[in-house]
file final_38.cif (mmCIF, C-alpha atoms and all ligand atoms)
data_work
#
loop_
_atom_site.group_PDB
_atom_site.id
_atom_site.type_symbol
_atom_site.label_atom_id
_atom_site.label_comp_id
_atom_site.auth_asym_id
_atom_site.auth_seq_id
_atom_site.Cartn_x
_atom_site.Cartn_y
_atom_site.Cartn_z
ATOM 1 C CA MET U 1 -11.960 -19.884 -9.465
ATOM 2 C CA PHE U 2 -9.758 -20.730 -6.499
ATOM 3 C CA GLU U 3 -10.415 -23.560 -4.074
ATOM 4 C CA TRP U 4 -7.467 -23.435 -1.708
ATOM 5 C CA ILE U 5 -5.643 -20.562 -0.028
ATOM 6 C CA GLY U 6 -1.964 -20.776 0.928
ATOM 7 C CA PHE U 7 -0.256 -18.609 3.524
ATOM 8 C CA ASP U 8 3.385 -17.842 4.110
ATOM 9 C CA ALA U 9 4.353 -17.655 7.801
ATOM 10 C CA ASP U 10 7.394 -15.460 8.646
ATOM 11 C CA ASP U 11 6.567 -11.753 8.251
ATOM 12 C CA THR U 12 3.091 -12.679 6.956
ATOM 13 C CA LEU U 13 1.429 -14.220 10.031
ATOM 14 C CA TRP U 14 3.982 -13.231 12.634
ATOM 15 C CA LYS U 15 6.965 -10.962 13.264
ATOM 16 C CA ASN U 16 10.309 -12.140 11.962
ATOM 17 C CA SER U 17 12.568 -9.600 10.232
ATOM 18 C CA GLU U 18 12.614 -7.354 13.297
ATOM 19 C CA TYR U 19 14.505 -10.037 15.234
ATOM 20 C CA TYR U 20 17.144 -10.333 12.529
ATOM 21 C CA LEU U 21 17.612 -6.561 12.466
ATOM 22 C CA ALA U 22 17.941 -6.461 16.266
ATOM 23 C CA ALA U 23 20.451 -9.357 16.166
ATOM 24 C CA ARG U 24 22.452 -7.531 13.550
ATOM 25 C CA GLU U 25 22.612 -4.465 15.816
ATOM 26 C CA GLU U 26 24.025 -6.686 18.570
ATOM 27 C CA PHE U 27 26.511 -8.145 16.095
ATOM 28 C CA ILE U 28 27.675 -4.623 15.223
ATOM 29 C CA LYS U 29 28.129 -3.763 18.909
ATOM 30 C CA ILE U 30 30.207 -6.902 19.519
ATOM 31 C CA THR U 31 32.403 -6.524 16.451
ATOM 32 C CA GLN U 32 32.856 -2.741 16.491
ATOM 33 C CA LYS U 33 35.665 -2.983 19.032
ATOM 34 C CA TYR U 34 37.668 -5.018 16.499
ATOM 35 C CA GLY U 35 37.431 -2.182 14.001
ATOM 36 C CA LEU U 36 34.938 -3.739 11.590
ATOM 37 C CA SER U 37 33.929 -1.026 9.157
ATOM 38 C CA ALA U 38 30.410 -0.210 8.007
ATOM 39 C CA GLY U 39 31.424 -1.688 4.627
ATOM 40 C CA ASP U 40 32.297 -5.033 6.217
ATOM 41 C CA ILE U 41 28.930 -5.103 7.924
ATOM 42 C CA ASP U 42 27.142 -4.119 4.700
ATOM 43 C CA ARG U 43 28.663 -7.215 3.106
ATOM 44 C CA PHE U 44 26.787 -9.329 5.628
ATOM 45 C CA ASP U 45 23.790 -9.842 3.320
ATOM 46 C CA ASP U 46 25.980 -11.098 0.456
ATOM 47 C CA PHE U 47 27.809 -13.385 2.843
ATOM 48 C CA GLU U 48 24.595 -14.855 4.202
ATOM 49 C CA ILE U 49 23.098 -15.339 0.737
ATOM 50 C CA GLU U 50 26.281 -17.106 -0.377
ATOM 51 C CA ASN U 51 25.918 -19.430 2.630
ATOM 52 C CA ILE U 52 22.338 -20.487 1.797
ATOM 53 C CA GLN U 53 23.762 -23.214 -0.455
ATOM 54 C CA TYR U 54 25.444 -24.758 2.615
ATOM 55 C CA TYR U 55 23.061 -24.032 5.466
ATOM 56 C CA GLY U 56 19.672 -23.176 3.926
ATOM 57 C CA TYR U 57 17.478 -20.443 5.397
ATOM 58 C CA GLY U 58 16.942 -19.504 9.000
ATOM 59 C CA VAL U 59 18.519 -18.490 12.277
ATOM 60 C CA MET U 60 21.219 -21.180 12.266
ATOM 61 C CA SER U 61 22.460 -20.024 8.888
ATOM 62 C CA PHE U 62 22.372 -16.433 10.121
ATOM 63 C CA ILE U 63 24.422 -17.235 13.237
ATOM 64 C CA LEU U 64 27.022 -19.299 11.365
ATOM 65 C CA SER U 65 27.362 -16.423 8.899
ATOM 66 C CA MET U 66 27.886 -13.919 11.741
ATOM 67 C CA ILE U 67 30.594 -16.137 13.249
ATOM 68 C CA GLU U 68 32.320 -16.623 9.897
ATOM 69 C CA ILE U 69 32.318 -12.953 9.004
ATOM 70 C CA ALA U 70 33.545 -11.992 12.486
ATOM 71 C CA ILE U 71 36.457 -14.466 12.301
ATOM 72 C CA GLU U 72 37.346 -13.476 8.761
ATOM 73 C CA HIS U 73 37.278 -9.735 9.365
ATOM 74 C CA THR U 74 39.122 -9.802 12.671
ATOM 75 C CA GLN U 75 41.782 -12.130 11.179
ATOM 76 C CA GLY U 76 40.967 -14.581 13.932
ATOM 77 C CA GLU U 77 41.281 -11.978 16.703
ATOM 78 C CA ILE U 78 37.700 -12.309 17.945
ATOM 79 C CA THR U 79 37.660 -13.933 21.383
ATOM 80 C CA SER U 80 35.865 -17.167 22.149
ATOM 81 C CA LEU U 81 33.741 -15.237 24.654
ATOM 82 C CA ASP U 82 32.511 -12.950 21.889
ATOM 83 C CA ILE U 83 31.777 -15.968 19.680
ATOM 84 C CA GLN U 84 29.835 -17.456 22.566
ATOM 85 C CA HIS U 85 27.883 -14.188 22.710
ATOM 86 C CA LEU U 86 27.017 -14.513 18.974
ATOM 87 C CA VAL U 87 25.819 -18.090 19.553
ATOM 88 C CA GLN U 88 23.685 -16.862 22.452
ATOM 89 C CA ILE U 89 22.048 -14.235 20.212
ATOM 90 C CA GLY U 90 20.978 -17.113 17.977
ATOM 91 C CA LYS U 91 19.670 -19.212 20.848
ATOM 92 C CA ASN U 92 17.613 -16.237 22.030
ATOM 93 C CA MET U 93 16.124 -15.910 18.528
ATOM 94 C CA LEU U 94 15.354 -19.632 18.383
ATOM 95 C CA SER U 95 13.610 -19.707 21.743
ATOM 96 C CA LYS U 96 11.586 -16.502 21.390
ATOM 97 C CA ASP U 97 7.815 -16.783 21.578
ATOM 98 C CA VAL U 98 6.051 -16.014 18.328
ATOM 99 C CA GLU U 99 4.302 -12.639 18.079
ATOM 100 C CA VAL U 100 1.332 -13.099 15.759
ATOM 101 C CA TYR U 101 0.221 -9.893 14.016
ATOM 102 C CA ASP U 102 -3.015 -8.296 15.184
ATOM 103 C CA GLY U 103 -5.948 -9.341 13.025
ATOM 104 C CA ILE U 104 -4.400 -12.611 11.768
ATOM 105 C CA GLU U 105 -6.474 -14.891 13.984
ATOM 106 C CA GLU U 106 -9.709 -13.224 12.833
ATOM 107 C CA LEU U 107 -8.615 -13.399 9.194
ATOM 108 C CA LEU U 108 -7.702 -17.105 9.362
ATOM 109 C CA ASN U 109 -10.855 -17.879 11.278
ATOM 110 C CA ASP U 110 -12.974 -16.174 8.632
ATOM 111 C CA LEU U 111 -11.175 -17.734 5.653
ATOM 112 C CA SER U 112 -10.860 -21.241 7.121
ATOM 113 C CA ILE U 113 -14.651 -21.495 7.319
ATOM 114 C CA ARG U 114 -14.870 -21.026 3.563
ATOM 115 C CA TYR U 115 -11.646 -22.500 2.217
ATOM 116 C CA PRO U 116 -9.110 -25.167 3.089
ATOM 117 C CA LEU U 117 -5.951 -23.294 4.123
ATOM 118 C CA ILE U 118 -2.394 -24.505 3.671
ATOM 119 C CA LEU U 119 0.656 -23.060 5.438
ATOM 120 C CA ILE U 120 3.795 -23.029 3.301
ATOM 121 C CA THR U 121 6.919 -21.835 5.076
ATOM 122 C CA LYS U 122 10.646 -22.201 4.512
ATOM 123 C CA GLY U 123 13.542 -22.449 6.949
ATOM 124 C CA ASP U 124 14.918 -24.679 9.698
ATOM 125 C CA LEU U 125 12.509 -27.586 10.220
ATOM 126 C CA PHE U 126 12.835 -27.644 14.003
ATOM 127 C CA HIS U 127 12.503 -23.864 14.416
ATOM 128 C CA GLN U 128 9.549 -23.604 12.033
ATOM 129 C CA GLN U 129 7.740 -26.430 13.836
ATOM 130 C CA ARG U 130 8.354 -24.673 17.131
ATOM 131 C CA LYS U 131 7.041 -21.347 15.798
ATOM 132 C CA ILE U 132 3.918 -22.948 14.334
ATOM 133 C CA LYS U 133 3.183 -24.576 17.683
ATOM 134 C CA SER U 134 3.903 -21.383 19.633
ATOM 135 C CA SER U 135 1.650 -19.314 17.317
ATOM 136 C CA GLY U 136 -1.495 -21.260 18.258
ATOM 137 C CA LEU U 137 -2.610 -20.991 14.611
ATOM 138 C CA LYS U 138 -1.990 -24.592 13.495
ATOM 139 C CA ASN U 139 -5.632 -25.678 13.684
ATOM 140 C CA PHE U 140 -6.688 -23.152 11.056
ATOM 141 C CA PHE U 141 -4.655 -25.074 8.462
ATOM 142 C CA LYS U 142 -5.615 -28.283 6.720
ATOM 143 C CA SER U 143 -1.987 -28.859 5.897
ATOM 144 C CA VAL U 144 1.436 -27.488 6.864
ATOM 145 C CA GLU U 145 4.421 -27.648 4.518
ATOM 146 C CA ILE U 146 7.925 -26.740 5.698
ATOM 147 C CA VAL U 147 10.295 -26.489 2.746
ATOM 148 C CA SER U 148 13.918 -25.503 2.234
ATOM 149 C CA GLU U 149 13.225 -23.347 -0.839
ATOM 150 C CA LYS U 150 10.140 -21.850 -2.468
ATOM 151 C CA SER U 151 10.617 -22.401 -6.167
ATOM 152 C CA PRO U 152 7.915 -23.072 -8.790
ATOM 153 C CA ALA U 153 8.944 -26.773 -8.700
ATOM 154 C CA VAL U 154 8.465 -26.947 -4.930
ATOM 155 C CA TYR U 155 5.033 -25.293 -5.137
ATOM 156 C CA SER U 156 4.114 -27.557 -8.017
ATOM 157 C CA ASP U 157 5.001 -30.617 -5.968
ATOM 158 C CA ILE U 158 2.932 -29.409 -2.983
ATOM 159 C CA LEU U 159 -0.086 -28.616 -5.170
ATOM 160 C CA ASP U 160 0.196 -32.001 -6.918
ATOM 161 C CA ARG U 161 0.225 -33.860 -3.623
ATOM 162 C CA HIS U 162 -2.967 -32.104 -2.565
ATOM 163 C CA ALA U 163 -4.565 -32.452 -6.022
ATOM 164 C CA ILE U 164 -4.878 -28.658 -6.316
ATOM 165 C CA ASN U 165 -4.908 -27.101 -9.764
ATOM 166 C CA PRO U 166 -2.384 -24.204 -9.781
ATOM 167 C CA ASP U 167 -4.980 -21.899 -11.324
ATOM 168 C CA ARG U 168 -7.306 -22.721 -8.432
ATOM 169 C CA PHE U 169 -4.778 -21.720 -5.832
ATOM 170 C CA LEU U 170 -4.448 -18.361 -4.086
ATOM 171 C CA MET U 171 -1.222 -17.585 -2.179
ATOM 172 C CA VAL U 172 -0.795 -14.829 0.415
ATOM 173 C CA GLY U 173 2.707 -13.762 1.472
ATOM 174 C CA ASN U 174 5.117 -10.917 2.136
ATOM 175 C CA SER U 175 7.902 -11.964 -0.234
ATOM 176 C CA LEU U 176 7.674 -11.323 -3.965
ATOM 177 C CA ARG U 177 10.545 -13.716 -4.566
ATOM 178 C CA SER U 178 9.258 -16.625 -2.470
ATOM 179 C CA ASP U 179 5.485 -16.286 -2.207
ATOM 180 C CA ILE U 180 4.322 -14.384 -5.266
ATOM 181 C CA LEU U 181 6.473 -14.847 -8.388
ATOM 182 C CA PRO U 182 6.722 -18.681 -8.261
ATOM 183 C CA VAL U 183 2.948 -18.999 -7.801
ATOM 184 C CA LEU U 184 2.242 -16.547 -10.629
ATOM 185 C CA ASP U 185 4.631 -18.600 -12.789
ATOM 186 C CA LEU U 186 2.431 -21.645 -12.225
ATOM 187 C CA GLY U 187 -0.736 -19.720 -13.101
ATOM 188 C CA GLY U 188 -1.952 -19.143 -9.540
ATOM 189 C CA ILE U 189 -3.460 -16.061 -7.927
ATOM 190 C CA THR U 190 -1.513 -14.009 -5.383
ATOM 191 C CA ILE U 191 -1.930 -11.407 -2.674
ATOM 192 C CA HIS U 192 1.290 -9.646 -1.788
ATOM 193 C CA PHE U 193 1.202 -8.554 1.845
ATOM 194 C CA ALA U 194 3.714 -5.700 1.551
ATOM 195 C CA ASN U 195 3.759 -5.003 5.263
ATOM 196 C CA HIS U 196 7.269 -3.664 5.821
ATOM 197 C CA LEU U 197 10.830 -3.839 4.725
ATOM 198 C CA THR U 198 11.768 -7.253 3.433
ATOM 199 C CA TRP U 199 15.223 -8.862 3.591
ATOM 200 C CA SER U 200 17.087 -7.825 0.445
ATOM 201 C CA HIS U 201 17.294 -11.448 -0.752
ATOM 202 C CA GLU U 202 13.484 -11.677 -0.768
ATOM 203 C CA ALA U 203 12.819 -8.262 -2.304
ATOM 204 C CA LYS U 204 13.438 -9.353 -5.865
ATOM 205 C CA SER U 205 12.068 -6.768 -8.262
ATOM 206 C CA PRO U 206 9.106 -8.090 -10.156
ATOM 207 C CA LYS U 207 8.937 -8.474 -13.867
ATOM 208 C CA GLU U 208 5.604 -7.574 -15.371
ATOM 209 C CA LEU U 209 2.933 -8.644 -12.915
ATOM 210 C CA PRO U 210 -0.362 -9.998 -14.256
ATOM 211 C CA LEU U 211 -2.722 -7.570 -12.540
ATOM 212 C CA ASP U 212 -5.749 -9.853 -12.892
ATOM 213 C CA ARG U 213 -3.963 -12.424 -10.696
ATOM 214 C CA TYR U 214 -1.962 -10.139 -8.416
ATOM 215 C CA GLN U 215 -2.984 -7.722 -5.704
ATOM 216 C CA GLU U 216 -0.781 -5.797 -3.283
ATOM 217 C CA VAL U 217 -2.110 -4.946 0.186
ATOM 218 C CA LYS U 218 -0.431 -3.046 3.004
ATOM 219 C CA ARG U 219 -2.600 -4.032 5.972
ATOM 220 C CA ILE U 220 -3.928 -7.354 7.310
ATOM 221 C CA GLU U 221 -7.483 -5.993 7.135
ATOM 222 C CA ASP U 222 -7.076 -5.515 3.386
ATOM 223 C CA VAL U 223 -6.309 -9.194 2.729
ATOM 224 C CA LEU U 224 -9.963 -10.175 3.151
ATOM 225 C CA GLU U 225 -11.019 -7.354 0.817
ATOM 226 C CA ALA U 226 -8.540 -8.578 -1.788
ATOM 227 C CA VAL U 227 -9.874 -12.150 -1.492
ATOM 228 C CA LYS U 228 -13.392 -10.823 -2.018
ATOM 229 C CA LYS U 229 -12.243 -8.808 -4.994
ATOM 230 C CA PHE U 230 -10.869 -11.957 -6.637
ATOM 231 C CA GLU U 231 -14.091 -13.798 -5.754
ATOM 232 C CA GLY U 232 -16.089 -11.022 -7.392
ATOM 233 C CA SER U 233 -13.909 -10.944 -10.492
ATOM 234 C CA GLY U 234 -14.973 -14.447 -11.497
ATOM 235 C CA LEU U 235 -11.765 -16.072 -10.299
ATOM 236 C CA ARG U 236 -13.873 -17.700 -7.641
HETATM 237 MG MG MG U 301 7.732 -14.451 4.675
#
call {"tool": "encode", "arguments": {"input": "final_38.cif", "output": "structure tokens"}}
result
Amino acid sequence: MFEWIGFDADDTLWKNSEYYLAAREEFIKITQKYGLSAGDIDRFDDFEIENIQYYGYGVMSFILSMIEIAIEHTQGEITSLDIQHLVQIGKNMLSKDVEVYDGIEELLNDLSIRYPLILITKGDLFHQQRKIKSSGLKNFFKSVEIVSEKSPAVYSDILDRHAINPDRFLMVGNSLRSDILPVLDLGGITIHFANHLTWSHEAKSPKELPLDRYQEVKRIEDVLEAVKKFEGSGLR
């Protein structure tokens, strides 16, 4: 039986990865004239993941990684104007209005009548707060948690603070690594919203998934069906 439902935000409630892919295209355009090879650009993911320990997740980490890789691979040849251009790409990402997926408002409206909802998102505090405000979805949630990492310990701490039993918690999110596996580890129930390509760092391959507590859906409309399926299976 579950009593609370958690939602991830980026790429679950609203668009996110598309902006990173578009920014990367701009990065390639700017750096191509310095002879950066496709291999150098392919290393970008590794570089950014390595930098998480210093900068955490989010646009600021992404931009600092772009600047670092550009300086390193041009042996310092990149001009300050081009660096300014990279910084501007980041500012554009940070100030963009949120594009909530079609069907999300209806889904949250429906579920929030029956369950307390909690938003659990990771990344830059300031940017996440801005996106939550811009989305217009804040009032559907009883609580909002912005964290720097989504590990079992972090989930455990959040659930403890709200006096939620892990096995009475259902989490919905697009990332196996951040939204699904840690919650399954704690004994919770999960709906994996496998909506599109996920950043390689988040697309961790699953070990054996407990199928009685895990459901994959491809469309927003199917999330409600999956919730009902869990309700019908005695987990509710
Ligand atoms: Mg996400």
call {"tool": "resolve_selection", "arguments": {"input": "final_38.cif", "expression": "the PyMOL selection byres (((not hetatm)) within 7 of (chain U and resi 301))", "output": "mmCIF file with C-alpha atoms, in the coordinates of the input"}}
result
data_model
loop_
_atom_site.group_PDB
_atom_site.id
_atom_site.type_symbol
_atom_site.label_atom_id
_atom_site.label_comp_id
_atom_site.auth_asym_id
_atom_site.auth_seq_id
_atom_site.Cartn_x
_atom_site.Cartn_y
_atom_site.Cartn_z
ATOM 1 C CA ASP U 8 3.385 -17.842 4.110
ATOM 2 C CA ALA U 9 4.353 -17.655 7.801
ATOM 3 C CA ASP U 10 7.394 -15.460 8.646
ATOM 4 C CA ASP U 11 6.567 -11.753 8.251
ATOM 5 C CA THR U 12 3.091 -12.679 6.956
ATOM 6 C CA GLY U 173 2.707 -13.762 1.472
ATOM 7 C CA ASN U 174 5.117 -10.917 2.136
ATOM 8 C CA SER U 175 7.902 -11.964 -0.234
#
call {"tool": "resolve_selection", "arguments": {"input": "final_38.cif", "expression": "the PyMOL selection byres (((chain U and resi 125) around 12) and not hetatm)", "output": "compact mmCIF listing (two decimals) with C-alpha atoms, keeping the file's coordinate frame"}}
result
# COMPACT_ATOMS: atom_id res chain seq x y z
CA GLY U 56 19.67 -23.18 3.93
CA TYR U 57 17.48 -20.44 5.40
CA GLY U 58 16.94 -19.50 9.00
CA VAL U 59 18.52 -18.49 12.28
CA MET U 60 21.22 -21.18 12.27
CA LEU U 94 15.35 -19.63 18.38
CA THR U 121 6.92 -21.84 5.08
CA LYS U 122 10.65 -22.20 4.51
CA GLY U 123 13.54 -22.45 6.95
CA ASP U 124 14.92 -24.68 9.70
CA PHE U 126 12.84 -27.64 14.00
CA HIS U 127 12.50 -23.86 14.42
CA GLN U 128 9.55 -23.60 12.03
CA GLN U 129 7.74 -26.43 13.84
CA ARG U 130 8.35 -24.67 17.13
CA LYS U 131 7.04 -21.35 15.80
CA ILE U 132 3.92 -22.95 14.33
CA VAL U 144 1.44 -27.49 6.86
CA GLU U 145 4.42 -27.65 4.52
CA ILE U 146 7.92 -26.74 5.70
CA VAL U 147 10.30 -26.49 2.75
CA SER U 148 13.92 -25.50 2.23
CA GLU U 149 13.22 -23.35 -0.84
call {"tool": "atom_distance", "arguments": {"input": "final_38.cif", "atom1": "atom CA of U:Tyr19", "atom2": "atom CA of U:Pro152"}}
result
28.1 Å
call {"tool": "residues_around", "arguments": {"input": "final_38.cif", "residues": "stretch 66-68 of chain U", "least_positions_apart": "3", "cutoff": "10 Å", "atoms": "all atoms listed in the file", "output": "PyMOL selection string"}}
result
chain U and resi 23-24+27-28+31+41+44+47-48+60-63+71-73+76+78+82-84+86-87+90
call {"tool": "atom_distance", "arguments": {"input": "final_38.cif", "atom1": "atom CA of U:Arg114", "atom2": "atom CA of U:Asn165"}}
result
17.7 Å
call {"tool": "resolve_selection", "arguments": {"input": "final_38.cif", "expression": "the PyMOL selection byres (((chain U and resi 99) around 10) and not hetatm)", "output": "number ranges by chain"}}
result
U: 13-16, 96-98, 100-102, 131, 134-135
call {"tool": "write_last_selection", "arguments": {"input": "final_38.cif", "atoms": "C-alpha atoms", "output": "tab-separated table (two decimals), keeping the file's coordinate frame"}}
result
chain	number	residue	atom	x	y	z
U	13	LEU	CA	1.43	-14.22	10.03
U	14	TRP	CA	3.98	-13.23	12.63
U	15	LYS	CA	6.96	-10.96	13.26
U	16	ASN	CA	10.31	-12.14	11.96
U	96	LYS	CA	11.59	-16.50	21.39
U	97	ASP	CA	7.82	-16.78	21.58
U	98	VAL	CA	6.05	-16.01	18.33
U	100	VAL	CA	1.33	-13.10	15.76
U	101	TYR	CA	0.22	-9.89	14.02
U	102	ASP	CA	-3.02	-8.30	15.18
U	131	LYS	CA	7.04	-21.35	15.80
U	134	SER	CA	3.90	-21.38	19.63
U	135	SER	CA	1.65	-19.31	17.32
call {"tool": "residues_around", "arguments": {"input": "final_38.cif", "residues": "U:Glu3", "least_positions_apart": "3", "cutoff": "8 Å", "atoms": "all atoms listed in the file", "output": "PyMOL selection string"}}
result
chain U and resi 115-116+164+168-170+236
call {"tool": "write_last_selection", "arguments": {"input": "final_38.cif", "atoms": "C-alpha atoms", "output": "compact mmCIF listing (two decimals), in the frame of the given file"}}
result
# COMPACT_ATOMS: atom_id res chain seq x y z
CA TYR U 115 -11.65 -22.50 2.22
CA PRO U 116 -9.11 -25.17 3.09
CA ILE U 164 -4.88 -28.66 -6.32
CA ARG U 168 -7.31 -22.72 -8.43
CA PHE U 169 -4.78 -21.72 -5.83
CA LEU U 170 -4.45 -18.36 -4.09
CA ARG U 236 -13.87 -17.70 -7.64
call {"tool": "residues_near_point", "arguments": {"input": "final_38.cif", "point": "(-5.6, -16.7, 8.9)", "cutoff": "10 Å", "atoms": "only C-alpha atoms", "output": "JSON, numbers by chain"}}
result
{"U": [5, 6, 7, 12, 13, 103, 104, 105, 106, 107, 108, 109, 110, 111, 112, 117, 118, 119, 137, 138, 140, 141, 172, 220, 223, 224]}
call {"tool": "atom_distance", "arguments": {"input": "final_38.cif", "atom1": "atom CA of U:Gly136", "atom2": "atom CA of U:Ile113"}}
result
17.1 Å
call {"tool": "closest_residue", "arguments": {"input": "final_38.cif", "among": "U:Ser65, U:Thr79, U:Ser178, U:Ser143", "to": "U:Asp46", "atoms": "all atoms listed in the file"}}
result
U:Ser65
